[in-house]
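Raw input_35.txt, compact mmCIF, C-alpha atoms:
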# COMPACT_ATOMS: atom_id res chain seq x y z
CA MET A 1 -28.96 129.33 -22.65
CA GLY A 2 -30.17 132.88 -21.90
CA LYS A 3 -29.69 134.73 -18.65
CA THR A 4 -27.63 133.11 -15.88
CA LYS A 5 -29.61 132.25 -12.78
CA ILE A 6 -28.01 133.92 -9.75
CA ILE A 7 -28.81 132.70 -6.23
CA GLU A 8 -27.84 134.75 -3.18
CA VAL A 9 -26.99 132.04 -0.66
CA LYS A 10 -27.00 132.75 3.08
CA GLU A 11 -25.59 130.88 6.01
CA SER A 12 -28.32 129.54 8.30
CA VAL A 13 -28.01 131.26 11.65
CA PHE A 14 -28.46 128.21 13.88
CA ALA A 15 -26.52 125.85 11.69
CA ASP A 16 -24.73 122.81 13.01
CA ASN A 17 -22.78 122.52 9.79
CA ASP A 18 -21.47 119.00 10.27
CA ARG A 19 -24.98 117.67 10.93
CA GLU A 20 -26.42 119.59 7.97
CA ALA A 21 -23.63 118.26 5.75
CA ALA A 22 -24.13 114.63 6.83
CA LEU A 23 -27.88 114.90 6.18
CA LEU A 24 -27.36 116.42 2.74
CA ARG A 25 -24.80 113.77 1.83
CA GLU A 26 -27.26 111.02 2.79
CA GLU A 27 -30.06 112.56 0.71
CA LEU A 28 -27.79 112.89 -2.34
CA LYS A 29 -26.69 109.28 -1.97
CA GLU A 30 -30.30 108.13 -2.00
CA LYS A 31 -30.88 110.13 -5.17
CA LYS A 32 -27.71 108.64 -6.67
CA SER A 33 -26.32 112.13 -7.31
CA LEU A 34 -22.55 112.48 -6.98
CA LEU A 35 -21.78 115.95 -5.63
CA ILE A 36 -18.14 117.01 -6.06
CA ASN A 37 -16.87 120.06 -4.16
CA LEU A 38 -14.15 121.64 -6.31
CA MET A 39 -11.81 123.98 -4.45
CA SER A 40 -8.59 125.77 -5.44
CA SER A 41 -6.71 129.04 -5.62
CA PRO A 42 -8.12 131.79 -7.79
CA GLY A 43 -7.01 131.30 -11.37
CA SER A 44 -5.90 127.67 -11.16
CA GLY A 45 -8.37 126.76 -13.90
CA LYS A 46 -11.46 125.37 -12.13
CA THR A 47 -13.87 126.69 -14.72
CA SER A 48 -11.74 125.71 -17.73
CA PHE A 49 -11.23 122.24 -16.27
CA LEU A 50 -14.97 121.80 -15.76
CA SER A 51 -15.80 123.11 -19.23
CA ARG A 52 -13.58 120.58 -20.97
CA LEU A 53 -14.51 117.66 -18.72
CA ILE A 54 -18.23 118.33 -19.09
CA ASN A 55 -18.02 118.60 -22.88
CA ASP A 56 -16.20 115.27 -22.99
CA ILE A 57 -18.69 113.33 -20.84
CA LYS A 58 -22.02 115.17 -21.03
CA GLU A 59 -23.51 112.68 -23.50
CA ARG A 60 -22.88 109.86 -21.04
CA ILE A 61 -24.09 111.39 -17.80
CA ASN A 62 -26.56 114.07 -16.67
CA ILE A 63 -24.55 116.98 -15.21
CA ALA A 64 -25.30 120.23 -13.39
CA VAL A 65 -22.90 122.91 -12.14
CA MET A 66 -23.14 125.36 -9.26
CA GLU A 67 -20.59 128.16 -9.48
CA ALA A 68 -19.93 129.99 -6.24
CA ASP A 69 -18.39 133.43 -6.13
CA ILE A 70 -18.29 136.42 -3.88
CA ASP A 71 -19.55 138.52 -6.73
CA SER A 72 -19.95 138.38 -10.55
CA ASP A 73 -21.49 135.66 -12.71
CA VAL A 74 -18.42 135.26 -14.93
CA ASP A 75 -18.05 131.54 -14.22
CA ALA A 76 -21.64 130.38 -14.65
CA ARG A 77 -21.82 132.24 -17.95
CA LYS A 78 -18.56 130.59 -19.09
CA ILE A 79 -19.80 127.08 -18.25
CA ASP A 80 -23.16 127.77 -19.84
CA GLU A 81 -21.61 129.11 -23.05
CA ALA A 82 -18.92 126.45 -23.23
CA THR A 83 -20.99 123.36 -22.46
CA GLY A 84 -24.70 124.14 -22.55
CA VAL A 85 -25.27 122.18 -19.32
CA ARG A 86 -27.26 123.64 -16.46
CA ALA A 87 -25.10 126.11 -14.57
CA ILE A 88 -26.29 128.40 -11.83
CA GLN A 89 -24.32 131.05 -9.99
CA LEU A 90 -24.26 131.19 -6.20
CA HIS A 91 -23.31 134.51 -4.59
CA THR A 92 -21.89 134.27 -1.08
CA GLY A 93 -22.30 137.98 -0.27
CA GLY A 94 -18.62 138.42 0.56
CA MET A 95 -18.22 135.12 2.41
CA CYS A 96 -15.03 133.20 1.75
CA HIS A 97 -16.50 129.70 1.82
CA LEU A 98 -19.65 127.63 1.40
CA THR A 99 -21.49 125.79 4.14
CA ALA A 100 -23.81 122.79 3.76
CA ALA A 101 -26.83 125.09 4.16
CA MET A 102 -25.61 127.29 1.32
CA THR A 103 -24.99 124.22 -0.83
CA ARG A 104 -28.53 123.02 -0.16
CA GLN A 105 -29.92 126.40 -1.25
CA GLY A 106 -28.00 126.00 -4.50
CA LEU A 107 -29.26 122.45 -5.07
CA GLU A 108 -32.85 123.56 -4.47
CA ALA A 109 -32.40 126.31 -7.06
CA LEU A 110 -31.30 123.90 -9.78
CA PRO A 111 -33.87 123.89 -12.57
CA ALA A 112 -34.51 120.13 -12.32
CA GLU A 113 -33.78 117.02 -10.28
CA GLY A 114 -32.16 113.75 -11.24
CA PHE A 115 -28.63 114.92 -12.01
CA ASP A 116 -26.11 112.06 -11.78
CA LEU A 117 -23.15 114.38 -11.30
CA ILE A 118 -23.18 117.83 -9.74
CA PHE A 119 -20.11 120.03 -9.50
CA LEU A 120 -19.93 122.70 -6.84
CA GLU A 121 -17.22 125.16 -7.81
CA ASN A 122 -16.34 126.71 -4.45
CA VAL A 123 -14.96 130.23 -3.88
CA GLY A 124 -11.38 130.53 -5.17
CA ASN A 125 -9.52 130.20 -1.86
CA LEU A 126 -7.09 127.57 -0.57
CA VAL A 127 -7.81 128.28 3.08
CA CYS A 128 -11.38 128.71 4.29
CA PRO A 129 -13.44 126.39 2.03
CA ALA A 130 -11.44 123.43 3.34
CA GLU A 131 -12.78 124.09 6.85
CA PHE A 132 -16.45 123.60 5.99
CA ASP A 133 -18.11 120.34 5.00
CA THR A 134 -20.50 121.18 2.14
CA GLY A 135 -22.22 117.80 2.14
CA ALA A 136 -20.39 116.75 -1.03
CA ALA A 137 -19.48 113.06 -1.37
CA MET A 138 -16.06 114.08 -2.61
CA ASN A 139 -13.68 117.02 -2.27
CA MET A 140 -11.26 117.83 -5.04
CA THR A 141 -8.65 120.50 -5.59
CA ILE A 142 -6.71 121.77 -8.57
CA LEU A 143 -3.04 122.68 -8.28
CA SER A 144 -1.88 124.61 -11.32
CA VAL A 145 1.72 124.45 -12.48
CA PRO A 146 2.31 128.24 -12.26
CA GLU A 147 1.41 128.19 -8.53
CA GLY A 148 4.39 126.01 -7.63
CA ASP A 149 4.91 122.49 -6.30
CA ASP A 150 5.13 123.69 -2.67
CA LYS A 151 1.45 124.52 -2.18
CA PRO A 152 0.59 121.30 -0.28
CA LEU A 153 3.21 122.34 2.29
CA LYS A 154 1.63 125.74 2.77
CA TYR A 155 -2.07 124.84 2.69
CA PRO A 156 -2.11 121.52 4.56
CA LEU A 157 -5.82 121.28 5.39
CA MET A 158 -6.91 121.71 1.77
CA TYR A 159 -4.83 118.73 0.76
CA GLN A 160 -5.85 116.68 3.79
CA VAL A 161 -9.56 116.93 2.93
CA CYS A 162 -9.25 116.28 -0.81
CA ASP A 163 -9.64 112.77 -2.27
CA LEU A 164 -8.84 113.96 -5.77
CA VAL A 165 -6.05 116.33 -6.79
CA VAL A 166 -5.71 117.50 -10.38
CA ILE A 167 -2.44 119.12 -11.45
CA ASN A 168 -3.50 121.51 -14.22
CA LYS A 169 -1.73 123.59 -16.90
CA ILE A 170 0.89 120.89 -17.52
CA ASP A 171 1.34 122.35 -21.02
CA THR A 172 3.25 125.16 -19.23
CA LEU A 173 5.73 122.87 -17.47
CA PRO A 174 8.56 124.02 -19.79
CA VAL A 175 8.24 127.65 -18.62
CA PHE A 176 7.89 127.08 -14.86
CA ASP A 177 10.16 125.60 -12.23
CA PHE A 178 7.62 122.93 -11.18
CA ASP A 179 8.64 119.38 -10.32
CA VAL A 180 5.70 116.99 -10.81
CA GLU A 181 7.26 114.24 -8.69
CA LYS A 182 7.97 116.71 -5.90
CA ALA A 183 4.39 117.97 -6.07
CA LYS A 184 3.04 114.41 -5.84
CA GLU A 185 5.30 113.74 -2.89
CA ASN A 186 4.08 116.90 -1.13
CA ILE A 187 0.45 115.92 -1.81
CA ARG A 188 0.98 112.41 -0.43
CA MET A 189 2.62 113.85 2.67
CA ARG A 190 -0.73 115.52 3.40
CA ASN A 191 -2.99 112.73 2.18
CA PRO A 192 -1.50 109.36 1.21
CA LYS A 193 -4.84 108.21 -0.23
CA ALA A 194 -5.35 111.15 -2.58
CA GLU A 195 -5.74 110.28 -6.26
CA VAL A 196 -3.55 112.54 -8.44
CA PHE A 197 -4.00 113.25 -12.15
CA CYS A 198 -2.02 115.58 -14.44
CA VAL A 199 -3.94 117.49 -17.11
CA SER A 200 -3.97 120.50 -19.36
CA ALA A 201 -7.40 122.08 -19.70
CA LYS A 202 -5.95 123.97 -22.66
CA THR A 203 -4.74 121.00 -24.75
CA GLY A 204 -6.90 118.23 -23.25
CA GLU A 205 -3.90 116.12 -22.25
CA GLY A 206 -4.66 113.76 -19.38
CA PHE A 207 -8.44 114.20 -19.41
CA PRO A 208 -9.53 110.64 -20.32
CA ALA A 209 -8.02 109.19 -17.13
CA VAL A 210 -9.66 111.65 -14.73
CA GLU A 211 -12.96 111.42 -16.63
CA ASP A 212 -12.98 107.62 -16.32
CA TRP A 213 -12.22 107.88 -12.64
CA ILE A 214 -15.09 110.33 -12.00
CA LEU A 215 -17.56 108.35 -14.15
CA LYS A 216 -16.72 105.19 -12.19
CA LYS A 217 -17.29 107.02 -8.90
CA ALA A 218 -20.68 108.25 -10.15
CA ALA A 219 -21.66 104.76 -11.37
CA SER A 220 -20.74 103.17 -8.04
CA LEU A 221 -23.14 105.30 -5.95
CA MET B 1 21.35 133.49 8.34
CA GLY B 2 20.85 130.35 10.45
CA LYS B 3 17.53 129.10 11.71
CA THR B 4 14.35 130.94 10.73
CA LYS B 5 12.56 132.65 13.60
CA ILE B 6 8.97 131.44 13.78
CA ILE B 7 6.35 133.44 15.70
CA GLU B 8 2.95 131.92 16.52
CA VAL B 9 0.70 134.98 16.27
CA LYS B 10 -2.70 135.04 17.96
CA GLU B 11 -5.69 137.26 17.55
CA SER B 12 -6.34 139.38 20.63
CA VAL B 13 -9.66 138.36 22.11
CA PHE B 14 -11.03 141.82 22.84
CA ALA B 15 -9.67 143.43 19.71
CA ASP B 16 -11.25 146.42 18.09
CA ASN B 17 -9.22 145.81 14.96
CA ASP B 18 -9.79 149.17 13.28
CA ARG B 19 -8.64 151.04 16.39
CA GLU B 20 -5.63 148.75 16.83
CA ALA B 21 -4.73 149.26 13.18
CA ALA B 22 -5.00 153.05 13.35
CA LEU B 23 -2.79 153.11 16.46
CA LEU B 24 -0.16 150.88 14.87
CA ARG B 25 -0.16 152.96 11.69
CA GLU B 26 0.42 156.12 13.73
CA GLU B 27 3.33 154.55 15.65
CA LEU B 28 4.98 153.34 12.45
CA LYS B 29 4.63 156.78 10.89
CA GLU B 30 6.40 158.34 13.86
CA LYS B 31 9.21 155.83 13.45
CA LYS B 32 9.33 156.58 9.70
CA SER B 33 8.85 152.89 8.92
CA LEU B 34 6.84 152.15 5.80
CA LEU B 35 4.84 148.94 6.36
CA ILE B 36 3.49 147.39 3.16
CA ASN B 37 0.84 144.66 3.42
CA LEU B 38 1.34 142.35 0.43
CA MET B 39 -1.65 140.16 -0.40
CA SER B 40 -2.43 137.83 -3.31
CA SER B 41 -3.53 134.36 -4.39
CA PRO B 42 -1.33 131.43 -3.48
CA GLY B 43 1.41 131.05 -6.06
CA SER B 44 1.20 134.47 -7.68
CA GLY B 45 4.83 135.10 -6.81
CA LYS B 46 4.82 137.22 -3.62
CA THR B 47 8.02 135.70 -2.28
CA SER B 48 9.87 135.77 -5.61
CA PHE B 49 8.79 139.37 -6.16
CA LEU B 50 10.07 140.37 -2.72
CA SER B 51 13.35 138.50 -3.16
CA ARG B 52 14.22 140.32 -6.35
CA LEU B 53 13.02 143.72 -5.19
CA ILE B 54 14.92 143.47 -1.91
CA ASN B 55 18.14 142.42 -3.61
CA ASP B 56 17.86 145.40 -5.93
CA ILE B 57 17.32 148.03 -3.23
CA LYS B 58 18.72 146.62 0.02
CA GLU B 59 21.89 148.72 -0.20
CA ARG B 60 19.80 151.89 -0.31
CA ILE B 61 17.27 151.20 2.45
CA ASN B 62 17.01 149.14 5.64
CA ILE B 63 14.45 146.36 5.05
CA ALA B 64 12.74 143.66 7.12
CA VAL B 65 10.24 141.02 6.05
CA MET B 66 7.47 139.24 7.95
CA GLU B 67 6.17 136.17 6.14
CA ALA B 68 2.76 134.97 7.28
CA ASP B 69 1.54 131.48 6.64
CA ILE B 70 -0.89 128.98 8.09
CA ASP B 71 1.95 126.55 8.45
CA SER B 72 5.53 125.96 7.18
CA ASP B 73 8.46 128.37 7.09
CA VAL B 74 9.12 127.91 3.37
CA ASP B 75 8.81 131.61 2.60
CA ALA B 76 10.94 133.10 5.38
CA ARG B 77 13.70 130.64 4.54
CA LYS B 78 13.47 131.60 0.86
CA ILE B 79 13.73 135.33 1.61
CA ASP B 80 16.55 134.75 4.04
CA GLU B 81 18.52 132.61 1.61
CA ALA B 82 17.83 134.84 -1.40
CA THR B 83 18.48 138.25 0.15
CA GLY B 84 20.12 137.94 3.56
CA VAL B 85 17.74 140.56 5.02
CA ARG B 86 15.93 139.98 8.28
CA ALA B 87 12.96 137.68 7.63
CA ILE B 88 10.74 136.16 10.28
CA GLN B 89 7.90 133.71 9.83
CA LEU B 90 4.49 134.35 11.37
CA HIS B 91 2.22 131.34 11.86
CA THR B 92 -1.49 132.10 11.99
CA GLY B 93 -2.50 128.74 13.45
CA GLY B 94 -4.93 128.01 10.63
CA MET B 95 -6.32 131.52 10.36
CA CYS B 96 -6.92 132.85 6.88
CA HIS B 97 -5.86 136.45 7.50
CA LEU B 98 -3.82 138.77 9.71
CA THR B 99 -5.21 141.35 12.12
CA ALA B 100 -3.46 144.47 13.43
CA ALA B 101 -2.77 142.69 16.74
CA MET B 102 -1.07 139.82 14.91
CA THR B 103 0.95 142.28 12.85
CA ARG B 104 2.07 144.03 16.04
CA GLN B 105 3.25 140.71 17.49
CA GLY B 106 5.32 140.20 14.36
CA LEU B 107 6.84 143.69 14.56
CA GLU B 108 7.76 143.16 18.21
CA ALA B 109 9.51 139.92 17.27
CA LEU B 110 11.73 141.59 14.69
CA PRO B 111 15.35 141.35 15.81
CA ALA B 112 15.90 145.11 15.71
CA GLU B 113 14.17 148.47 15.30
CA GLY B 114 14.72 151.24 12.81
CA PHE B 115 13.69 149.52 9.58
CA ASP B 116 12.72 152.02 6.88
CA LEU B 117 10.69 149.51 4.91
CA ILE B 118 8.88 146.47 6.27
CA PHE B 119 7.03 144.00 4.08
CA LEU B 120 4.25 141.92 5.56
CA GLU B 121 3.57 138.99 3.26
CA ASN B 122 0.01 138.08 4.18
CA VAL B 123 -1.57 134.59 3.90
CA GLY B 124 -2.05 133.61 0.24
CA ASN B 125 -5.75 134.35 -0.10
CA LEU B 126 -7.64 136.86 -2.27
CA VAL B 127 -10.65 136.99 0.03
CA CYS B 128 -10.18 137.27 3.79
CA PRO B 129 -6.98 139.32 4.21
CA ALA B 130 -8.66 142.22 2.38
CA GLU B 131 -11.25 142.47 5.16
CA PHE B 132 -8.79 143.21 7.97
CA ASP B 133 -6.77 146.40 8.39
CA THR B 134 -3.30 145.30 9.49
CA GLY B 135 -2.09 148.80 10.34
CA ALA B 136 0.04 148.96 7.19
CA ALA B 137 0.43 152.33 5.50
CA MET B 138 -0.12 150.67 2.15
CA ASN B 139 -1.86 147.60 0.77
CA MET B 140 -0.56 145.96 -2.37
CA THR B 141 -1.59 142.93 -4.38
CA ILE B 142 0.04 140.84 -7.08
CA LEU B 143 -1.98 139.55 -10.02
CA SER B 144 -0.04 136.91 -11.93
CA VAL B 145 -0.59 136.38 -15.63
CA PRO B 146 -1.54 132.67 -15.30
CA GLU B 147 -4.43 133.58 -12.98
CA GLY B 148 -6.26 135.50 -15.69
CA ASP B 149 -7.24 139.12 -16.31
CA ASP B 150 -10.71 138.67 -14.78
CA LYS B 151 -9.62 138.42 -11.14
CA PRO B 152 -10.51 142.03 -10.22
CA LEU B 153 -14.09 141.23 -11.28
CA LYS B 154 -14.25 138.21 -8.98
CA TYR B 155 -12.42 139.54 -5.92
CA PRO B 156 -13.62 143.14 -5.79
CA LEU B 157 -12.70 144.01 -2.19
CA MET B 158 -9.04 143.00 -2.64
CA TYR B 159 -8.68 145.43 -5.51
CA GLN B 160 -10.66 148.17 -3.75
CA VAL B 161 -8.31 148.21 -0.76
CA CYS B 162 -5.02 148.05 -2.72
CA ASP B 163 -3.13 151.19 -3.68
CA LEU B 164 -0.51 149.26 -5.59
CA VAL B 165 -1.14 146.38 -8.02
CA VAL B 166 1.74 144.49 -9.58
CA ILE B 167 1.02 142.29 -12.60
CA ASN B 168 3.65 139.54 -12.32
CA LYS B 169 4.98 136.74 -14.58
CA ILE B 170 4.71 138.91 -17.71
CA ASP B 171 7.41 136.72 -19.27
CA THR B 172 4.62 134.11 -19.65
CA LEU B 173 2.26 136.39 -21.60
CA PRO B 174 2.91 134.45 -24.83
CA VAL B 175 1.55 131.20 -23.32
CA PHE B 176 -1.55 132.57 -21.58
CA ASP B 177 -4.69 134.25 -22.81
CA PHE B 178 -4.16 137.37 -20.66
CA ASP B 179 -4.94 140.87 -21.91
CA VAL B 180 -2.88 143.46 -19.98
CA GLU B 181 -5.10 146.36 -21.04
CA LYS B 182 -8.22 144.44 -20.02
CA ALA B 183 -6.62 143.63 -16.66
CA LYS B 184 -5.79 147.32 -16.08
CA GLU B 185 -9.33 148.28 -17.01
CA ASN B 186 -10.73 145.70 -14.54
CA ILE B 187 -8.38 146.97 -11.80
CA ARG B 188 -9.41 150.60 -12.42
CA MET B 189 -13.07 149.61 -12.30
CA ARG B 190 -12.46 148.56 -8.69
CA ASN B 191 -10.00 151.31 -7.76
CA PRO B 192 -9.40 154.20 -10.16
CA LYS B 193 -6.48 155.45 -8.03
CA ALA B 194 -4.53 152.18 -7.96
CA GLU B 195 -0.98 152.34 -9.30
CA VAL B 196 -0.32 149.43 -11.69
CA PHE B 197 3.10 148.02 -12.67
CA CYS B 198 3.94 145.06 -14.91
CA VAL B 199 6.93 142.91 -13.94
CA SER B 200 8.55 139.53 -14.24
CA ALA B 201 10.16 138.35 -11.03
CA LYS B 202 11.92 135.75 -13.16
CA THR B 203 13.59 138.05 -15.69
CA GLY B 204 13.57 141.32 -13.72
CA GLU B 205 11.63 143.19 -16.38
CA GLY B 206 9.72 146.16 -14.98
CA PHE B 207 11.38 146.20 -11.55
CA PRO B 208 13.12 149.61 -11.68
CA ALA B 209 9.81 151.47 -11.99
CA VAL B 210 8.10 149.77 -9.05
CA GLU B 211 11.28 150.04 -6.94
CA ASP B 212 11.48 153.79 -7.57
CA TRP B 213 7.85 154.16 -6.65
CA ILE B 214 8.25 152.29 -3.36
CA LEU B 215 11.50 154.08 -2.46
CA LYS B 216 9.78 157.45 -3.01
CA LYS B 217 6.90 156.40 -0.76
CA ALA B 218 9.35 155.38 1.96
CA ALA B 219 11.30 158.64 1.63
CA SER B 220 8.15 160.77 1.88
CA LEU B 221 7.10 159.43 5.30
Translate this structure into C-alpha cells?
Amino acid sequence: MGKTKIIEVKESVFADNDREAALLREELKEKKSLLINLMSSPGSGKTSFLSRLINDIKERINIAVMEADIDSDVDARKIDEATGVRAIQLHTGGMCHLTAAMTRQGLEALPAEGFDLIFLENVGNLVCPAEFDTGAAMNMTILSVPEGDDKPLKYPLMYQVCDLVVINKIDTLPVFDFDVEKAKENIRMRNPKAEVFCVSAKTGEGFPAVEDWILKKAASL
Amino acid sequence: MGKTKIIEVKESVFADNDREAALLREELKEKKSLLINLMSSPGSGKTSFLSRLINDIKERINIAVMEADIDSDVDARKIDEATGVRAIQLHTGGMCHLTAAMTRQGLEALPAEGFDLIFLENVGNLVCPAEFDTGAAMNMTILSVPEGDDKPLKYPLMYQVCDLVVINKIDTLPVFDFDVEKAKENIRMRNPKAEVFCVSAKTGEGFPAVEDWILKKAASL
C-alpha cells in the first residue's frame, strides 16, 4: 500500500471539452475499460460505497480508482486501506469539477494499464461536475437518505446526466423523513431511463443487485 | 402567504465582485440590516435550521429570507409555510454560486425595507459559493452529522471564510460514526476564530445558544 500517489491535475487551456471527452471515451472502449464517473454531494458516502463494492467484486474484475478532491488525500488513503486496489488522488487545485483533460491526466498516472473497471470519484458537488463530460462511459450519482428525497427537484442537471442512481444509507430510513417512492418518482421526473438501486454501505444491504448490474455493463463493453 | 415570489438573478457582466460586495456591505451596515450568507452541502438542513430559528426569534426581530437555488421554489415555500416571514426565491439559472450583484437583485426584490436580519440561503454547494463575496456581513455554514467529521479537511475554503459553523442533526449522533470533538478540531484547523454550535433542527436542541449569538450580532450593528 504505502504512500498515496497524488496528481495535481490541470485544465488544458485550449480545451474543447466535448471533443476531448468523446475521444477519451472511444479510447477506453477500445481498451475495454469501463470508466464510471461518480458524482454526489459531500458526505453522501461515495468513498464508503466504493470501498464495499470493490471488496465484494475485486476478485472477479480488475479495478482502479481515481479520487478527485480540491485538497487532501483522505479518500485515496481510505480506498487503499479498505480494499488494497490501486487508488490515486487527483487534486483539482480549488476547481469544483473535472474535465476530460483532467481525467486523462489521472488515467495516465495510473500505475498500470488493462483495468476493466475504473471509478472516477468526482469532487463532492451536485452542481458543477454535472456540466462537464469527463469521457466516462457512464455517470452515476449517490443520493443519501439524510439529504432528503427532494434533491432531484433542486439539482436537475445532475439527475438528467446520470444513468445510475444509488440511494445510500437506507439503514437510517427510520430516523429520517425520507420517502423512497417519492425519491424514485423525483429521479424519474428528471431521467426516466435512470436505473435506481437502494443500498446501505454500512450494512451491505442492496449491494448484490448494483454489483451485478455494474459487472454486466463492464462485460458488455 | 400566497404564491412564492421568484426572482431570476443574473450576474452583472462588468462586475468587479469584491468592490460590489464591499459597497453592498456598507449600505446594509448603514441600514442596520445584518445579512447572513448561509452556505452548505445539499441536504445538510439549511432550510430546516432557518425555519426553526426564525420561529423562535421572529417576535423579537424583523426577518426576511432569500432562498437561492438553481431551479425550483421548494425552499422559499417551505420557509413561508413554516414561519410566515417574508421569503423570496432567487433562481441562479444554473449557476453554482451567488455574486454580490445577484444578492443585490434579491434585496431589491424584497417586499419591504427595514429588515434587521436577512438570511441568504446560498446554492447547496461546499465549493463555489465560498469563492464569491456576496456582501454579507457574516458567512455561516452547516455541517450535518451524516456528512462526516472530515468535511473541513476536504473543503478548506468554505471553513476558512465562515465565522459561524453550526453542526446540525446531532439527534442522529448515535447512528453515525461522527466525532464532535474531531469535527471541532478540523474546523479550528481551517479557522481558529470560527464560532461552533451543535444543534438539532428536528428536536430543537442547542438552538437557544446560536439564537442568542445571532441576536447579539444583529443588535451590535
Distance cut-off 7 Å, counting only C-alpha atoms - which residues of chain A neighbour chain B? Return them as a ChimeraX atom specification. /A:41-44,69-72,96,125-128,146-148,153-155
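For the atom pair formed by atom CA of B:Ile61 and atom CA of B:Leu35, the distance is 13.2 Å, given to one decimal.
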Just give me the gap between atom CA of A:Ile7 and atom CA of A:Leu221 in Å, one decimal is fine.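 It comes out at 28.0 Å.
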Judged by only C-alpha atoms, the minimum distance to B:Ile118 among B:Ala209, B:Ala137, B:Met158, B:Val165 is found for B:Ala137
Please identify all polymer residues within 7 Å of A:Tyr159, counting all atoms listed in the file, omitting same-chain residues fewer than 3 positions from it, and present them as a list in words.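 Residues meeting the cut-off are Pro152, Tyr155, Pro156, Cys162, Ile187, Arg190 and Asn191 of chain A.
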Distance of atom CA of A:Lys5 from atom CA of A:Val85, expressed in Å to one decimal place: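 Value for the atom CA of A:Val85-atom CA of A:Lys5 distance: 12.8 Å.
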Spatial neighbours of A:Ala21, max dist 10 Å, all atoms listed in the file, sep filter under 6 positions, as a PyMOL selection string: chain A and resi 27+99-101+103-104+132-137
Stretch 47-50 of chain A, all listed atoms, 6 Å padding on each side: what axis-aligned box centre and edge lengths in Å to one decimal come out, as lines of an AutoDock Vina configuration file?
center_x = -13.1
center_y = 124.2
center_z = -16.2
size_x = 15.7
size_y = 16.9
size_z = 15.0
With a distance cut-off of 12 Å and all atoms listed in the file, select the neighbouring residues of A:Glu81, excluding the residue or stretch itself and same-chain residues fewer than 5 positions from it, and output the selection as a ChimeraX atom specification. /A:1-4,47-48,51-52,54-55,74-76,86-87
Which residue, A:Ile170, A:Asn62, A:Ala218, A:Glu181, has the smallest gap to A:Thr203 when you use all atoms listed in the file?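 Selected residue with least distance to A:Thr203: A:Ile170.
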